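The structure under discussion appears below in the form of structure tokens.
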Amino acid sequence: MPILLKNQTSAQLHATLAHAGVSPHLARRLLAASVKRGELPALGSDLTARLRDDLRALTEIPHLTQVQKVVSPQDGFTKYLFQGQGTGQFEAVRIPLLHRPDDLKYVACVSSQVGCAMGCVFCATGRMGFGRNLAAWEIVDQVVKMQADSPHPIRGVVFMGMGEPLLNYDAVMTAIQVLSEPCGMAIAAKAITLSTVGIIPGIRRFTAERHPARLVVSLTSADPLQRRELLPV
Ligand code: SF4
């Protein structure tokens, strides 16, 4: 199995590829080139032609396929439908924040799963049932593809698309690190927000591990009985 770039942090890439001669600096260049240009980095003092040939054999740069793009004429929100390497399709939304002429930017709303097992009664994704967890690169590449399609930078990410992010914990945390690394998408971790329907073990783990991203709990209703009717979890 090839090592998928965009699917690991630079530190993980170094640990995985050190045996081939990849230094921590080259691991950062590998992540940057795969995320920003979809290719291996240029030759340099840390990357000989021979090592690059080895990396071509050892690694793969995966890409999502964009299936559909719909722009709202009312507010400019743009919905993308993607296909990854597994079954099922999933959505992401580019949210425009264009009210300050000196700070034109977007927030990306991404999916963490295909479908969702949580069954919230008001949610179309919940009615689909659970399909599969997305890989970290499939989360990262939603932002990469939307950025490539955008005239202004994506400065924030919210996990409010399809799926419950705390039920795909490891891939989501890896994706957050890749999105926030300076050699990744360089999006400030405090501008990345997970939204959970209330997965208590995941909330405990997230807070115990002191991740720098933000966590919001979707209450939907402050009345416990009504909440239980709307959110079976
Ligand atoms: S957790 Fe989110 S995606 Fe899943 S069913 Fe509830 S609202 Fe929908």
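Every chain in the structure tokens takes a letter, A first, then B, and so on in the order presented; its residues are numbered from 1, and the ligands are numbered from 1 following the presented order.
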Dump the neighbourhood of ligand 1 as a compact mmCIF listing (two decimals) with N, CA and C atoms, in the first residue's frame: all residues within 9 Å, distances computed on only C-alpha atoms and all ligand atoms.
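Below you can see selection.txt, which holds the result:
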```txt
# COMPACT_ATOMS: atom_id res chain seq x y z
N SER A 111 -17.22 17.77 5.75
CA SER A 111 -17.80 16.51 6.25
C SER A 111 -16.69 15.64 6.85
N GLN A 113 -17.75 12.21 7.71
CA GLN A 113 -18.22 10.85 7.42
C GLN A 113 -19.12 10.89 6.18
N GLY A 115 -22.64 9.95 5.29
CA GLY A 115 -23.82 9.63 6.10
C GLY A 115 -23.53 9.85 7.58
N CYS A 116 -24.43 9.38 8.43
CA CYS A 116 -24.26 9.59 9.87
C CYS A 116 -25.17 8.63 10.62
N ALA A 117 -24.66 8.09 11.72
CA ALA A 117 -25.42 7.11 12.51
C ALA A 117 -26.28 7.76 13.58
N MET A 118 -26.21 9.09 13.74
CA MET A 118 -26.81 9.72 14.91
C MET A 118 -28.33 9.90 14.80
N GLY A 119 -28.85 9.94 13.58
CA GLY A 119 -30.30 9.91 13.39
C GLY A 119 -31.07 11.11 13.93
N CYS A 120 -30.47 12.28 13.94
CA CYS A 120 -31.22 13.49 14.37
C CYS A 120 -32.42 13.66 13.43
N VAL A 121 -33.59 13.90 14.01
CA VAL A 121 -34.81 13.76 13.21
C VAL A 121 -34.95 14.83 12.13
N PHE A 122 -34.28 15.98 12.31
CA PHE A 122 -34.43 17.08 11.35
C PHE A 122 -33.39 17.02 10.24
N CYS A 123 -32.53 16.01 10.22
CA CYS A 123 -31.32 16.05 9.39
C CYS A 123 -31.39 15.05 8.23
N ALA A 124 -31.20 15.56 7.01
CA ALA A 124 -31.24 14.69 5.82
C ALA A 124 -30.10 13.66 5.86
N THR A 125 -28.92 14.07 6.36
CA THR A 125 -27.80 13.12 6.46
C THR A 125 -28.14 11.99 7.42
N GLY A 126 -28.80 12.34 8.54
CA GLY A 126 -29.18 11.33 9.51
C GLY A 126 -30.11 10.28 8.90
N ARG A 127 -30.96 10.71 7.98
CA ARG A 127 -31.89 9.76 7.36
C ARG A 127 -31.17 8.79 6.42
N MET A 128 -29.95 9.17 5.96
CA MET A 128 -29.16 8.28 5.08
C MET A 128 -28.61 7.09 5.85
N GLY A 129 -28.43 7.24 7.17
CA GLY A 129 -27.72 6.22 7.93
C GLY A 129 -26.21 6.38 7.73
N PHE A 130 -25.45 5.53 8.42
CA PHE A 130 -23.99 5.64 8.37
C PHE A 130 -23.43 4.90 7.15
N MET A 160 -19.17 20.86 10.35
CA MET A 160 -20.62 20.88 10.51
C MET A 160 -21.29 20.31 9.25
N GLY A 161 -20.51 19.58 8.44
CA GLY A 161 -21.08 18.93 7.28
C GLY A 161 -21.63 17.57 7.66
N MET A 162 -21.47 16.60 6.77
CA MET A 162 -22.01 15.27 7.05
C MET A 162 -21.17 14.57 8.11
N GLY A 163 -21.85 13.92 9.06
CA GLY A 163 -21.16 13.08 10.02
C GLY A 163 -20.93 13.71 11.37
N GLU A 164 -20.62 12.84 12.33
CA GLU A 164 -20.31 13.26 13.70
C GLU A 164 -18.79 13.17 13.86
N PRO A 165 -18.09 14.29 13.93
CA PRO A 165 -16.61 14.24 13.89
C PRO A 165 -15.99 13.46 15.03
N SER A 195 -18.02 20.49 15.65
CA SER A 195 -19.37 20.54 16.22
C SER A 195 -19.81 19.12 16.51
N THR A 196 -20.13 18.85 17.75
CA THR A 196 -20.58 17.50 18.13
C THR A 196 -22.02 17.56 18.61
N VAL A 197 -22.71 16.44 18.37
CA VAL A 197 -24.08 16.33 18.84
C VAL A 197 -24.09 15.93 20.33
N GLY A 198 -22.90 15.57 20.85
CA GLY A 198 -22.81 15.26 22.28
C GLY A 198 -22.25 13.88 22.55
N SER A 218 -23.81 20.93 19.96
CA SER A 218 -25.07 21.33 19.35
C SER A 218 -26.21 20.94 20.28
N LEU A 231 -32.81 14.62 19.10
CA LEU A 231 -31.48 14.04 19.00
C LEU A 231 -31.43 12.75 19.80
N PRO A 232 -31.63 11.61 19.17
CA PRO A 232 -31.66 10.36 19.91
C PRO A 232 -30.42 10.10 20.77
N VAL A 233 -29.26 10.70 20.40
CA VAL A 233 -28.04 10.44 21.19
C VAL A 233 -28.21 10.91 22.62
```
Run DSSP on the backbone and grab whatever in chain A lands in helix (DSSP H, G or I); send it over as an mmCIF file with C-alpha atoms, in the first residue's frame.
```
data_model
loop_
_atom_site.group_PDB
_atom_site.id
_atom_site.type_symbol
_atom_site.label_atom_id
_atom_site.label_comp_id
_atom_site.auth_asym_id
_atom_site.auth_seq_id
_atom_site.Cartn_x
_atom_site.Cartn_y
_atom_site.Cartn_z
ATOM 1 C CA SER A 10 4.719 16.265 8.729
ATOM 2 C CA ALA A 11 5.953 14.604 11.939
ATOM 3 C CA GLN A 12 4.111 11.387 11.021
ATOM 4 C CA LEU A 13 5.510 11.556 7.473
ATOM 5 C CA HIS A 14 9.016 11.862 8.873
ATOM 6 C CA ALA A 15 8.477 8.877 11.179
ATOM 7 C CA THR A 16 7.037 6.827 8.301
ATOM 8 C CA LEU A 17 9.661 7.734 5.703
ATOM 9 C CA ALA A 18 12.823 8.246 7.775
ATOM 10 C CA HIS A 19 14.052 4.798 6.674
ATOM 11 C CA ALA A 20 14.072 6.051 3.070
ATOM 12 C CA PRO A 24 12.062 16.411 9.192
ATOM 13 C CA HIS A 25 12.674 19.349 6.827
ATOM 14 C CA LEU A 26 11.950 17.232 3.750
ATOM 15 C CA ALA A 27 8.825 15.838 5.431
ATOM 16 C CA ARG A 28 7.558 19.413 5.781
ATOM 17 C CA ARG A 29 8.384 20.078 2.114
ATOM 18 C CA LEU A 30 6.574 16.873 1.134
ATOM 19 C CA LEU A 31 3.438 17.951 2.961
ATOM 20 C CA ALA A 32 3.597 21.501 1.587
ATOM 21 C CA ALA A 33 4.078 20.420 -2.033
ATOM 22 C CA SER A 34 1.367 17.754 -1.884
ATOM 23 C CA VAL A 35 -1.178 20.072 -0.263
ATOM 24 C CA LYS A 36 -0.411 23.268 -2.190
ATOM 25 C CA ALA A 49 16.723 12.662 -8.006
ATOM 26 C CA ARG A 50 17.210 9.132 -6.702
ATOM 27 C CA LEU A 51 15.341 9.830 -3.444
ATOM 28 C CA ARG A 52 12.527 11.476 -5.415
ATOM 29 C CA ASP A 53 12.257 8.331 -7.567
ATOM 30 C CA ASP A 54 12.073 6.288 -4.356
ATOM 31 C CA LEU A 55 9.346 8.566 -3.004
ATOM 32 C CA ARG A 56 7.388 8.231 -6.256
ATOM 33 C CA ALA A 57 7.370 4.482 -5.686
ATOM 34 C CA LEU A 58 6.574 4.689 -1.961
ATOM 35 C CA ALA A 124 -31.237 14.687 5.820
ATOM 36 C CA THR A 125 -27.797 13.123 6.459
ATOM 37 C CA GLY A 126 -29.181 11.327 9.509
ATOM 38 C CA ARG A 127 -31.888 9.755 7.359
ATOM 39 C CA MET A 128 -29.160 8.278 5.083
ATOM 40 C CA ALA A 136 -7.855 12.304 7.015
ATOM 41 C CA TRP A 137 -6.768 13.193 3.468
ATOM 42 C CA GLU A 138 -10.414 13.165 2.311
ATOM 43 C CA ILE A 139 -11.157 15.809 4.956
ATOM 44 C CA VAL A 140 -8.043 17.846 4.136
ATOM 45 C CA ASP A 141 -8.693 17.700 0.403
ATOM 46 C CA GLN A 142 -12.179 19.211 0.774
ATOM 47 C CA VAL A 143 -10.435 22.393 1.945
ATOM 48 C CA VAL A 144 -7.645 22.063 -0.636
ATOM 49 C CA LYS A 145 -10.132 21.748 -3.507
ATOM 50 C CA MET A 146 -12.304 24.628 -2.303
ATOM 51 C CA GLN A 147 -9.229 26.839 -1.839
ATOM 52 C CA ALA A 148 -8.070 26.048 -5.382
ATOM 53 C CA PRO A 165 -16.611 14.238 13.887
ATOM 54 C CA LEU A 166 -15.988 12.754 17.344
ATOM 55 C CA LEU A 167 -16.975 9.322 15.962
ATOM 56 C CA ASN A 168 -14.112 9.566 13.442
ATOM 57 C CA TYR A 169 -11.736 10.914 16.058
ATOM 58 C CA ASP A 170 -8.261 9.935 14.831
ATOM 59 C CA ALA A 171 -8.776 10.956 11.203
ATOM 60 C CA VAL A 172 -10.398 14.253 12.228
ATOM 61 C CA MET A 173 -7.566 15.144 14.615
ATOM 62 C CA THR A 174 -4.946 14.304 11.985
ATOM 63 C CA ALA A 175 -6.817 16.418 9.429
ATOM 64 C CA ILE A 176 -6.956 19.344 11.864
ATOM 65 C CA GLN A 177 -3.200 19.154 12.366
ATOM 66 C CA VAL A 178 -2.525 19.022 8.612
ATOM 67 C CA LEU A 179 -4.891 21.939 8.021
ATOM 68 C CA SER A 180 -3.218 24.031 10.729
ATOM 69 C CA ALA A 189 -6.153 25.958 14.915
ATOM 70 C CA LYS A 190 -8.350 28.354 16.905
ATOM 71 C CA ALA A 191 -10.209 29.063 13.646
ATOM 72 C CA ILE A 200 -19.345 12.271 25.823
ATOM 73 C CA PRO A 201 -16.236 9.990 25.542
ATOM 74 C CA GLY A 202 -15.069 12.037 22.551
ATOM 75 C CA ILE A 203 -15.599 15.324 24.420
ATOM 76 C CA ARG A 204 -13.620 13.960 27.391
ATOM 77 C CA ARG A 205 -10.792 12.755 25.161
ATOM 78 C CA PHE A 206 -10.693 15.993 23.164
ATOM 79 C CA THR A 207 -10.471 18.154 26.281
ATOM 80 C CA ALA A 208 -7.989 15.820 28.031
ATOM 81 C CA PRO A 224 -34.038 17.843 27.847
ATOM 82 C CA LEU A 225 -37.266 16.095 26.820
ATOM 83 C CA GLN A 226 -37.524 17.986 23.552
ATOM 84 C CA ARG A 227 -33.807 17.474 22.901
ATOM 85 C CA ARG A 228 -34.216 13.731 23.403
ATOM 86 C CA GLU A 229 -37.003 13.688 20.803
ATOM 87 C CA LEU A 230 -34.903 15.580 18.264
#
```
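Using only C-alpha atoms, the nearest neighbour of Thr87 of chain A within the list A:Asp102, A:Ala108, A:Pro73, A:Val114 is A:Val114.
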